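S.K.: This is query37.cif (mmCIF, C-alpha atoms).
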data_structure
loop_
_atom_site.label_atom_id
_atom_site.label_comp_id
_atom_site.auth_asym_id
_atom_site.auth_seq_id
_atom_site.Cartn_x
_atom_site.Cartn_y
_atom_site.Cartn_z
CA MET A 1 61.16 32.23 -4.68
CA ALA A 2 59.48 30.57 -7.65
CA MET A 3 60.25 27.18 -6.18
CA ALA A 4 58.72 28.01 -2.87
CA MET A 5 55.68 29.40 -4.57
CA ALA A 6 55.39 26.38 -6.78
CA MET A 7 55.32 24.14 -3.73
CA SER A 8 52.30 25.92 -2.43
CA THR A 9 50.19 25.34 -5.51
CA THR A 10 48.56 21.97 -5.57
CA ALA A 11 46.00 20.65 -7.94
CA ASP A 12 43.36 23.11 -6.88
CA THR A 13 44.82 26.23 -8.47
CA ALA A 14 43.78 27.24 -11.91
CA SER A 15 46.28 29.99 -12.50
CA ARG A 16 44.38 33.21 -12.70
CA TRP A 17 46.81 35.46 -14.44
CA SER A 18 45.80 38.89 -15.43
CA LEU A 19 47.84 41.87 -16.40
CA LYS A 20 46.48 43.86 -13.53
CA SER A 21 47.49 41.24 -10.99
CA LEU A 22 50.99 41.10 -12.47
CA SER A 23 51.50 44.83 -12.48
CA CYS A 24 50.14 45.28 -9.01
CA ALA A 25 52.14 42.42 -7.57
CA LEU A 26 55.49 43.81 -8.66
CA PRO A 27 57.25 45.92 -6.03
CA SER A 28 56.88 49.51 -7.06
CA LEU A 29 56.55 53.01 -5.77
CA ASN A 30 52.93 53.30 -6.84
CA SER A 31 51.65 50.38 -4.90
CA SER A 32 53.17 51.62 -1.66
CA ILE A 33 51.11 54.77 -2.05
CA THR A 34 47.97 52.89 -2.93
CA CYS A 35 48.74 50.47 -0.15
CA SER A 36 48.92 53.18 2.48
CA SER A 37 45.66 54.77 1.45
CA LEU A 38 43.88 51.50 0.96
CA ARG A 39 45.22 49.85 4.05
CA PHE A 40 41.85 49.86 5.71
CA SER A 41 40.45 47.66 3.01
CA THR A 42 43.46 45.56 2.18
CA ALA A 43 42.48 42.04 2.93
CA SER A 44 45.64 40.31 1.84
CA ARG A 45 49.02 39.84 3.27
CA ARG A 46 50.49 40.16 -0.19
CA GLN A 47 51.19 43.76 0.24
CA HIS A 48 49.23 45.31 -2.59
CA GLY A 49 45.70 46.48 -2.78
CA LEU A 50 44.64 44.05 -5.44
CA THR A 51 43.46 40.98 -3.57
CA LEU A 52 40.36 41.66 -1.52
CA THR A 53 37.11 40.03 -0.64
CA ARG A 54 35.39 39.42 -3.85
CA SER A 55 32.70 42.00 -3.30
CA ARG A 56 34.67 45.00 -4.45
CA PRO A 57 37.45 44.14 -6.83
CA THR A 58 36.62 46.57 -9.58
CA ASN A 59 36.67 49.81 -7.61
CA ILE A 60 40.06 49.16 -6.13
CA GLN A 61 41.58 48.11 -9.40
CA SER A 62 40.40 51.24 -11.11
CA PHE A 63 41.75 53.34 -8.26
CA THR A 64 45.09 51.62 -8.52
CA ASN A 65 45.20 52.23 -12.23
CA THR A 66 44.47 55.93 -11.93
CA VAL A 67 47.10 56.42 -9.29
CA SER A 68 49.70 54.55 -11.27
CA LEU A 69 48.98 56.70 -14.31
CA GLY A 70 49.62 59.76 -12.26
CA PHE A 71 53.00 58.58 -11.06
CA SER A 72 54.30 56.53 -13.89
CA ASP A 73 55.98 59.37 -15.72
CA CYS A 74 58.73 59.71 -13.16
CA ASN A 75 59.87 56.14 -13.81
CA SER A 76 60.06 54.43 -17.13
CA PHE A 77 60.13 50.72 -18.08
CA GLY A 78 56.56 50.08 -17.09
CA ASN A 79 56.40 49.01 -13.48
CA ASN A 80 59.70 47.35 -12.64
CA PHE A 81 61.52 50.30 -11.16
CA SER A 82 62.96 50.55 -7.70
CA ILE A 83 64.00 53.77 -6.08
CA ILE A 84 67.31 53.29 -4.33
CA ASP A 85 68.38 56.27 -2.37
CA ASN A 86 71.58 54.99 -0.93
CA GLY A 87 73.57 55.13 -4.15
CA SER A 88 74.03 51.38 -4.55
CA ARG A 89 73.85 50.10 -8.07
CA ILE A 90 70.71 48.25 -8.96
CA TYR A 91 70.03 46.49 -12.19
CA ALA A 92 66.96 44.66 -13.30
CA MET A 93 68.83 41.39 -13.86
CA ARG A 94 70.56 38.91 -11.58
CA HIS A 95 73.11 37.56 -14.04
CA GLY A 96 75.90 35.65 -12.31
CA ARG A 97 74.94 36.47 -8.73
CA ARG A 98 75.19 33.25 -6.86
CA VAL A 99 75.61 34.19 -3.25
CA PRO A 100 73.29 36.54 -1.40
CA LYS A 101 75.56 38.83 0.55
CA LEU A 102 72.91 40.21 2.90
CA ASN A 103 75.00 43.37 3.47
CA ARG A 104 77.30 41.60 5.87
CA PRO A 105 80.85 40.31 5.97
CA PRO A 106 81.16 36.54 5.49
CA ASP A 107 81.47 35.57 9.14
CA GLN A 108 78.43 37.56 10.16
CA ARG A 109 76.51 36.28 7.18
CA ARG A 110 77.18 32.71 8.18
CA ALA A 111 76.15 33.42 11.75
CA LEU A 112 72.96 35.11 10.58
CA LEU A 113 72.00 32.18 8.41
CA ARG A 114 72.77 29.70 11.14
CA GLY A 115 70.64 31.64 13.56
CA LEU A 116 67.76 31.95 11.14
CA THR A 117 67.72 28.24 10.33
CA THR A 118 67.89 27.39 14.02
CA GLN A 119 64.93 29.62 14.76
CA LEU A 120 62.96 28.40 11.79
CA LEU A 121 63.44 24.79 12.79
CA LYS A 122 62.51 25.66 16.35
CA HIS A 123 59.41 27.74 15.72
CA GLY A 124 58.19 26.46 12.41
CA ARG A 125 57.30 29.86 11.04
CA ILE A 126 59.22 33.07 11.32
CA LYS A 127 58.87 36.53 9.88
CA THR A 128 61.95 38.18 8.41
CA THR A 129 62.90 40.27 5.44
CA ARG A 130 62.44 38.77 2.01
CA ALA A 131 66.10 38.67 1.16
CA ARG A 132 66.90 36.76 4.32
CA ALA A 133 64.00 34.40 3.86
CA SER A 134 65.01 33.48 0.36
CA ALA A 135 68.64 33.14 1.45
CA VAL A 136 67.86 30.81 4.32
CA ARG A 137 65.86 28.35 2.21
CA LYS A 138 68.95 26.63 1.00
CA TYR A 139 70.30 26.01 4.48
CA VAL A 140 67.04 24.76 5.89
CA ASP A 141 66.70 22.33 3.01
CA LYS A 142 70.25 21.19 3.63
CA MET A 143 69.53 20.52 7.30
CA ILE A 144 66.43 18.55 6.49
CA THR A 145 68.34 16.54 3.93
CA LEU A 146 70.97 15.73 6.53
CA ALA A 147 68.24 14.60 8.88
CA LYS A 148 66.70 12.45 6.21
CA ASP A 149 69.96 10.59 5.88
CA GLY A 150 70.12 10.06 9.62
CA SER A 151 73.60 8.64 10.05
CA LEU A 152 75.97 9.67 12.83
CA HIS A 153 78.22 11.61 10.53
CA LYS A 154 75.30 13.64 9.22
CA ARG A 155 74.07 14.22 12.73
CA ARG A 156 77.42 15.63 13.72
CA GLN A 157 77.46 17.83 10.66
CA ALA A 158 74.05 19.17 11.62
CA LEU A 159 75.24 19.74 15.19
CA GLY A 160 78.04 21.84 13.80
CA PHE A 161 75.64 24.12 12.02
CA ILE A 162 72.59 24.48 14.25
CA TYR A 163 73.08 26.32 17.48
CA GLU A 164 70.89 24.20 19.75
CA LYS A 165 71.37 20.50 20.01
CA GLN A 166 67.82 19.76 21.18
CA ILE A 167 66.62 21.00 17.86
CA VAL A 168 68.98 18.72 15.97
CA HIS A 169 67.85 15.69 17.92
CA ALA A 170 64.20 16.57 17.48
CA LEU A 171 64.79 17.15 13.80
CA PHE A 172 66.45 13.80 13.27
CA ALA A 173 63.63 12.13 15.12
CA GLU A 174 60.74 13.54 13.20
CA VAL A 175 61.94 14.31 9.69
CA PRO A 176 61.55 10.78 8.27
CA ASP A 177 57.85 10.77 9.14
CA ARG A 178 57.18 14.28 8.09
CA TYR A 179 59.22 14.67 4.92
CA GLY A 180 59.75 11.07 3.92
CA GLU A 181 57.93 11.33 0.62
CA ARG A 182 58.68 14.93 -0.20
CA ASN A 183 61.68 15.52 -2.44
CA GLY A 184 63.04 18.94 -1.70
CA GLY A 185 61.19 22.19 -1.23
CA TYR A 186 60.65 21.90 2.48
CA THR A 187 59.89 25.57 3.01
CA ARG A 188 57.36 28.07 1.81
CA ILE A 189 57.70 31.81 1.63
CA ILE A 190 54.70 34.09 1.91
CA ARG A 191 55.23 37.76 1.33
CA THR A 192 53.60 40.20 3.71
CA LEU A 193 53.29 43.88 4.40
CA PRO A 194 56.49 45.89 4.76
CA ARG A 195 58.00 46.67 8.13
CA ARG A 196 57.00 49.95 9.63
CA GLY A 197 60.38 51.38 10.66
CA ASP A 198 62.25 51.11 7.39
CA ASN A 199 59.70 49.81 4.89
CA ALA A 200 61.68 46.64 4.42
CA PRO A 201 59.72 44.03 2.49
CA MET A 202 58.88 41.24 4.88
CA ALA A 203 57.98 37.61 4.43
CA PHE A 204 56.90 34.64 6.43
CA ILE A 205 58.99 31.58 5.88
CA GLU A 206 57.55 28.35 7.16
CA LEU A 207 58.25 24.67 7.02
CA VAL A 208 55.93 23.04 4.60
CA MET B 1 54.94 34.55 -8.25
CA ALA B 2 52.07 32.55 -6.80
CA ALA B 3 49.74 31.07 -9.32
CA SER B 4 46.83 32.14 -7.19
CA VAL B 5 46.45 35.55 -5.67
CA ASP B 6 43.79 34.56 -3.17
CA PRO B 7 45.23 35.21 0.31
CA LEU B 8 43.49 32.15 1.70
CA VAL B 9 45.32 29.95 -0.77
CA VAL B 10 48.63 31.71 -0.27
CA GLY B 11 48.31 31.31 3.47
CA ARG B 12 47.40 27.64 2.98
CA VAL B 13 44.10 28.00 4.82
CA ILE B 14 42.45 26.51 1.77
CA GLY B 15 44.29 23.27 1.38
CA GLU B 16 45.16 22.41 4.94
CA VAL B 17 41.89 23.18 6.67
CA LEU B 18 39.24 24.01 4.12
CA ASP B 19 38.42 23.27 0.54
CA MET B 20 38.08 25.83 -2.19
CA PHE B 21 34.82 27.68 -1.85
CA VAL B 22 33.07 30.77 -3.16
CA PRO B 23 32.37 33.27 -0.40
CA SER B 24 28.77 34.32 -0.37
CA VAL B 25 28.48 36.15 2.92
CA ASN B 26 30.45 39.17 4.07
CA MET B 27 31.82 38.70 7.50
CA SER B 28 33.71 41.51 9.19
CA VAL B 29 35.58 40.83 12.40
CA TYR B 30 36.70 43.52 14.81
CA TYR B 31 38.96 43.03 17.79
CA GLY B 32 38.36 46.32 19.54
CA PRO B 33 39.27 49.05 17.06
CA LYS B 34 41.25 46.71 14.81
CA HIS B 35 39.57 45.32 11.74
CA VAL B 36 40.79 41.84 10.92
CA THR B 37 41.99 41.27 7.37
CA ASN B 38 43.43 38.04 6.01
CA GLY B 39 46.89 37.51 7.35
CA CYS B 40 47.05 40.51 9.62
CA ASP B 41 48.77 40.42 12.97
CA ILE B 42 46.74 40.40 16.15
CA LYS B 43 48.32 40.42 19.56
CA PRO B 44 46.97 37.86 22.02
CA SER B 45 46.43 40.63 24.55
CA MET B 46 44.00 42.28 22.14
CA ALA B 47 42.14 39.07 21.51
CA ILE B 48 41.24 37.99 25.04
CA ASN B 49 37.60 38.83 24.52
CA PRO B 50 35.49 37.52 21.69
CA PRO B 51 35.55 39.80 18.66
CA LYS B 52 32.63 41.78 17.32
CA ILE B 53 31.46 40.05 14.18
CA THR B 54 28.86 41.34 11.77
CA LEU B 55 27.37 39.19 9.07
CA THR B 56 25.30 39.96 6.05
CA GLY B 57 22.46 37.72 5.01
CA HIS B 58 18.79 37.19 5.70
CA THR B 59 17.55 36.89 9.24
CA ASP B 60 15.82 33.62 8.51
CA GLU B 61 19.08 31.91 7.56
CA LEU B 62 21.17 30.27 10.25
CA TYR B 63 24.93 30.17 10.33
CA THR B 64 27.59 28.29 12.23
CA LEU B 65 30.85 29.94 13.23
CA ILE B 66 33.95 28.15 14.39
CA MET B 67 37.38 29.53 15.20
CA ILE B 68 40.28 27.14 14.95
CA ASP B 69 44.05 27.13 15.14
CA PRO B 70 45.66 24.71 12.71
CA ASP B 71 49.16 25.29 14.08
CA ALA B 72 48.73 24.02 17.61
CA PRO B 73 51.05 23.66 19.47
CA SER B 74 53.72 24.79 17.03
CA PRO B 75 53.66 25.36 13.27
CA SER B 76 56.57 23.01 12.75
CA GLU B 77 54.91 20.22 14.75
CA PRO B 78 51.15 20.65 14.63
CA SER B 79 50.38 17.53 16.62
CA MET B 80 47.15 19.01 18.00
CA ARG B 81 45.90 20.32 14.66
CA GLU B 82 43.34 21.76 14.78
CA TRP B 83 42.62 23.38 18.12
CA ILE B 84 39.12 24.74 18.30
CA HIS B 85 38.71 28.05 20.11
CA TRP B 86 35.05 28.91 19.63
CA MET B 87 31.94 27.25 18.30
CA VAL B 88 28.62 29.08 17.88
CA LEU B 89 25.58 27.56 16.19
CA ASP B 90 22.28 28.92 14.93
CA ILE B 91 23.36 32.49 14.31
CA PRO B 92 20.62 34.35 12.46
CA GLY B 93 21.87 36.06 9.32
CA GLY B 94 22.61 39.73 9.49
CA THR B 95 23.35 39.68 13.22
CA ASN B 96 26.29 38.65 15.34
CA PRO B 97 27.26 35.50 17.23
CA THR B 98 25.88 36.70 20.54
CA ARG B 99 22.48 35.76 19.16
CA GLY B 100 23.54 32.21 18.45
CA LYS B 101 24.01 29.17 20.64
CA GLU B 102 27.54 29.04 22.00
CA ILE B 103 28.54 25.40 22.18
CA LEU B 104 32.17 26.02 23.07
CA PRO B 105 33.06 29.19 24.98
CA TYR B 106 35.54 31.55 23.41
CA MET B 107 39.15 30.98 24.24
CA GLY B 108 41.63 33.61 23.19
CA PRO B 109 44.75 32.86 21.17
CA ARG B 110 47.68 31.74 23.31
CA PRO B 111 50.36 30.53 20.92
CA PRO B 112 53.19 28.96 22.91
CA VAL B 113 55.70 28.64 20.06
CA GLY B 114 55.94 30.28 16.69
CA ILE B 115 53.46 32.24 14.63
CA HIS B 116 50.02 30.63 14.52
CA ARG B 117 47.18 31.20 12.10
CA TYR B 118 43.71 31.57 13.60
CA ILE B 119 40.89 30.91 11.18
CA MET B 120 37.25 31.94 11.56
CA VAL B 121 35.02 29.82 9.35
CA LEU B 122 31.37 30.51 8.71
CA PHE B 123 29.03 27.82 7.43
CA GLN B 124 25.43 28.12 6.40
CA GLN B 125 23.08 25.72 8.13
CA LYS B 126 20.31 24.06 6.23
CA ALA B 127 18.23 23.53 9.35
CA PRO B 128 18.40 24.53 12.99
CA LEU B 129 20.88 22.26 14.70
CA GLY B 130 19.66 22.62 18.25
CA MET B 131 21.79 21.01 20.88
CA VAL B 132 25.09 19.67 19.69
CA GLU B 133 27.27 18.05 22.28
CA GLN B 134 30.59 19.68 23.05
CA PRO B 135 33.59 18.00 21.52
CA PRO B 136 35.36 16.00 24.26
CA THR B 137 38.55 17.97 23.79
CA ARG B 138 39.53 21.12 21.97
CA ALA B 139 42.50 19.44 20.32
CA ASN B 140 42.52 17.42 17.11
CA PHE B 141 39.37 18.96 15.77
CA ASN B 142 38.67 18.34 12.10
CA THR B 143 36.74 21.02 10.27
CA ARG B 144 36.03 18.93 7.21
CA PHE B 145 34.69 16.11 9.33
CA PHE B 146 32.58 18.53 11.34
CA ALA B 147 31.10 20.05 8.20
CA GLY B 148 30.41 16.65 6.73
CA HIS B 149 28.91 15.30 9.93
CA PHE B 150 26.39 18.11 10.23
CA ASP B 151 25.90 18.45 6.49
CA LEU B 152 27.12 22.04 6.43
CA GLY B 153 28.75 21.87 3.02
CA LEU B 154 31.39 24.33 1.98
CA PRO B 155 32.05 27.44 4.03
CA VAL B 156 30.44 30.70 3.06
CA ALA B 157 33.02 33.02 4.58
CA THR B 158 36.48 32.72 6.06
CA ILE B 159 38.92 35.08 7.65
CA TYR B 160 42.24 34.33 9.24
CA PHE B 161 44.86 36.24 11.17
CA ASN B 162 48.29 35.56 12.64
CA SER B 163 49.31 35.76 16.23
CA GLN B 164 52.46 35.07 18.17
CA LYS B 165 53.47 35.10 21.76
CA GLU B 166 54.22 38.61 22.89
CA PRO B 167 57.66 39.17 24.33
CA ALA B 168 57.71 39.91 28.02
CA ASN B 169 59.34 43.29 27.52
CA ARG B 170 57.62 45.69 25.22
CA ARG B 171 59.80 45.86 22.13
CA ARG B 172 60.20 49.33 20.68
#
Rewrite the coordinates I just gave you, this time as structure tokens.

M.R.:
Amino acid sequence: MAMAMAMSTTADTASRWSLKSLSCALPSLNSSITCSSLRFSTASRRQHGLTLTRSRPTNIQSFTNTVSLGFSDCNSFGNNFSIIDNGSRIYAMRHGRRVPKLNRPPDQRRALLRGLTTQLLKHGRIKTTRARASAVRKYVDKMITLAKDGSLHKRRQALGFIYEKQIVHALFAEVPDRYGERNGGYTRIIRTLPRRGDNAPMAFIELV
Amino acid sequence: MAASVDPLVVGRVIGEVLDMFVPSVNMSVYYGPKHVTNGCDIKPSMAINPPKITLTGHTDELYTLIMIDPDAPSPSEPSMREWIHWMVLDIPGGTNPTRGKEILPYMGPRPPVGIHRYIMVLFQQKAPLGMVEQPPTRANFNTRFFAGHFDLGLPVATIYFNSQKEPANRRR
């Protein structure tokens, strides 16, 4: 996720860090409440009521702070809590976790990732859950790297992964022009508002 | 975490289409009952008619509004970037674009493939522009070139939304 975000910052960004922006940007119970009540004025697709048109930043920030004070005593450790109701174990760290399992057995997982990369290469920008978006980055980058190489063997390897062969041929035709100078990081993830049915955190993933 | 929290930078509106600017005018866009916020989702069926736009500002100032799609025809292959949907000149401040001169009639979003961004950019005019000829085609419009050509400078307000082709059957 950091890599995809880093790709989107070019020379024009002076990093405007502030404690308020950090605390409001972390996924938390408080911000979902503030988000729902402030939805009419939320001007950002980054899910939390902090980023708005510049006319009224101070009111919303103070509102967010007061609400978070009211709710913070049911969860400790500042703001990095997550309420998991289904009994699965959640820790704050990711030590040693190399493969995103996506709650699926291995064959389904592979099929899901193949389908997502096919659709991303076909449409250019798709909207899925954040876990899937950050899992599919690796495979999309792999496909683009195969296309950059361009040999027959790589083409056949790509045909074995992507479901539609038109997409493979189009990819091999246009990748050298489009990504010739770029080394890696061919996708960008933009987080958006959660999905209505199950409050799953969503994201746009797009080809850079 | 993004180094910048500004939704226009995160959505790459600033960067691909515009340059960094400081918004000085409040522009609120309404498609029917829906208020447009940066990055929100608008269905093409809701956007067939031009939106209601209200601007702040003095009545003696003139503004130019353009609506463009930088992801035409598809976000992965934007060969027709940018596609201009609407161009209105000489809008008096504090009113709406119906009082301006519509150079290009409004065309609603019709994204064929993928999720497209639609950007509404507002510039402040230094002088009345009068008659500007229509661009020969809506495709391959360049906002920076347009602003430079008519000496419009940096934008004063921008809003963008996403839109995608609606599935034929109503989902859920």

S.K.: Tell me the residues of chain B close to chain A, meaning within 10 Å using all atoms listed in the file, as number ranges by chain.

M.R.: B: 1-12, 14-15, 19-20, 22-27, 34-41, 71, 74-78, 112-116, 157-161, 164

S.K.: Assuming the chain letters and numbering stay as they are in my file, what does the PyMOL selection byres ((chain B and resi 143) around 12) actually select? List them as a ChimeraX atom specification.

M.R.: /B:13-19,64-70,81-84,87,119-123,139-142,144-155

S.K.: Which is closest to A:His169 among A:Pro201, A:Gly185, A:Gly150, A:Asp141, if we use all atoms listed in the file?

M.R.: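 Comparing A:Pro201, A:Gly185, A:Gly150, A:Asp141 against A:His169, the winner is A:Gly150.
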
S.K.: Atom CA of A:Thr128 and atom CA of A:Asn199, how far apart in Å?

M.R.: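 One can read the atom CA of A:Asn199 to atom CA of A:Thr128 distance as 12.4 Å.
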
S.K.: Would you list the residues near (19.1, 40.7, 6.5) (no more than 12 Å away, in the coordinates of the file, using all atoms listed in the file) as a compact mmCIF listing (two decimals) with C-alpha atoms, keeping the file's coordinate frame?

M.R.:
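Dumped to point30.txt:
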# COMPACT_ATOMS: atom_id res chain seq x y z
CA VAL B 25 28.48 36.15 2.92
CA ASN B 26 30.45 39.17 4.07
CA THR B 54 28.86 41.34 11.77
CA LEU B 55 27.37 39.19 9.07
CA THR B 56 25.30 39.96 6.05
CA GLY B 57 22.46 37.72 5.01
CA HIS B 58 18.79 37.19 5.70
CA THR B 59 17.55 36.89 9.24
CA ASP B 60 15.82 33.62 8.51
CA GLU B 61 19.08 31.91 7.56
CA LEU B 62 21.17 30.27 10.25
CA PRO B 92 20.62 34.35 12.46
CA GLY B 93 21.87 36.06 9.32
CA GLY B 94 22.61 39.73 9.49
CA THR B 95 23.35 39.68 13.22
CA ASN B 96 26.29 38.65 15.34

S.K.: Given the file shown, enumerate the residues that the PyMOL selection byres ((chain B and resi 109) around 10) captures and present them as a ChimeraX atom specification.

M.R.: /B:42-49,68-69,85,106-108,110-112,116-118,162-165

S.K.: Rebuild stretch 156-178 of chain A so that it carries N, CA and C atoms, then output the result as an mmCIF file, in the coordinates of the input.

M.R.:
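And here's result-v7.cif as it stands now:
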data_model
loop_
_atom_site.group_PDB
_atom_site.id
_atom_site.type_symbol
_atom_site.label_atom_id
_atom_site.label_comp_id
_atom_site.auth_asym_id
_atom_site.auth_seq_id
_atom_site.Cartn_x
_atom_site.Cartn_y
_atom_site.Cartn_z
ATOM 1 N N ARG A 156 76.369 14.747 13.212
ATOM 2 C CA ARG A 156 77.420 15.630 13.720
ATOM 3 C C ARG A 156 77.595 16.840 12.822
ATOM 4 N N GLN A 157 77.388 16.659 11.538
ATOM 5 C CA GLN A 157 77.460 17.830 10.660
ATOM 6 C C GLN A 157 76.336 18.807 10.994
ATOM 7 N N ALA A 158 75.152 18.278 11.260
ATOM 8 C CA ALA A 158 74.050 19.170 11.620
ATOM 9 C C ALA A 158 74.331 19.854 12.949
ATOM 10 N N LEU A 159 74.935 19.119 13.899
ATOM 11 C CA LEU A 159 75.240 19.740 15.190
ATOM 12 C C LEU A 159 76.248 20.849 15.035
ATOM 13 N N GLY A 160 77.075 20.767 14.012
ATOM 14 C CA GLY A 160 78.040 21.840 13.800
ATOM 15 C C GLY A 160 77.445 23.081 13.185
ATOM 16 N N PHE A 161 76.247 22.959 12.680
ATOM 17 C CA PHE A 161 75.640 24.120 12.020
ATOM 18 C C PHE A 161 74.565 24.761 12.880
ATOM 19 N N ILE A 162 73.739 23.939 13.506
ATOM 20 C CA ILE A 162 72.590 24.480 14.250
ATOM 21 C C ILE A 162 73.039 24.758 15.674
ATOM 22 N N TYR A 163 72.570 25.847 16.201
ATOM 23 C CA TYR A 163 73.080 26.320 17.480
ATOM 24 C C TYR A 163 72.579 25.526 18.671
ATOM 25 N N GLU A 164 71.419 24.883 18.564
ATOM 26 C CA GLU A 164 70.890 24.200 19.750
ATOM 27 C C GLU A 164 70.772 22.727 19.482
ATOM 28 N N LYS A 165 71.324 21.923 20.346
ATOM 29 C CA LYS A 165 71.370 20.500 20.010
ATOM 30 C C LYS A 165 70.037 19.799 20.190
ATOM 31 N N GLN A 166 69.156 20.358 21.057
ATOM 32 C CA GLN A 166 67.820 19.760 21.180
ATOM 33 C C GLN A 166 67.112 19.776 19.849
ATOM 34 N N ILE A 167 67.315 20.872 19.119
ATOM 35 C CA ILE A 167 66.620 21.000 17.860
ATOM 36 C C ILE A 167 67.132 19.968 16.859
ATOM 37 N N VAL A 168 68.431 19.715 16.892
ATOM 38 C CA VAL A 168 68.980 18.720 15.970
ATOM 39 C C VAL A 168 68.411 17.353 16.283
ATOM 40 N N HIS A 169 68.364 17.018 17.569
ATOM 41 C CA HIS A 169 67.850 15.690 17.920
ATOM 42 C C HIS A 169 66.384 15.564 17.591
ATOM 43 N N ALA A 170 65.626 16.620 17.835
ATOM 44 C CA ALA A 170 64.200 16.570 17.480
ATOM 45 C C ALA A 170 64.029 16.474 15.973
ATOM 46 N N LEU A 171 64.881 17.182 15.256
ATOM 47 C CA LEU A 171 64.790 17.150 13.800
ATOM 48 C C LEU A 171 65.059 15.761 13.274
ATOM 49 N N PHE A 172 66.122 15.129 13.753
ATOM 50 C CA PHE A 172 66.450 13.800 13.270
ATOM 51 C C PHE A 172 65.389 12.786 13.654
ATOM 52 N N ALA A 173 64.671 13.073 14.727
ATOM 53 C CA ALA A 173 63.630 12.130 15.120
ATOM 54 C C ALA A 173 62.405 12.234 14.255
ATOM 55 N N GLU A 174 62.045 13.436 13.815
ATOM 56 C CA GLU A 174 60.740 13.540 13.200
ATOM 57 C C GLU A 174 60.773 13.731 11.701
ATOM 58 N N VAL A 175 61.922 14.032 11.133
ATOM 59 C CA VAL A 175 61.940 14.310 9.690
ATOM 60 C C VAL A 175 61.541 13.108 8.833
ATOM 61 N N PRO A 176 61.957 11.886 9.162
ATOM 62 C CA PRO A 176 61.550 10.780 8.270
ATOM 63 C C PRO A 176 60.032 10.638 8.146
ATOM 64 N N ASP A 177 59.301 10.880 9.259
ATOM 65 C CA ASP A 177 57.850 10.770 9.140
ATOM 66 C C ASP A 177 57.292 11.920 8.345
ATOM 67 N N ARG A 178 57.823 13.085 8.605
ATOM 68 C CA ARG A 178 57.180 14.280 8.090
ATOM 69 C C ARG A 178 57.534 14.528 6.631
#
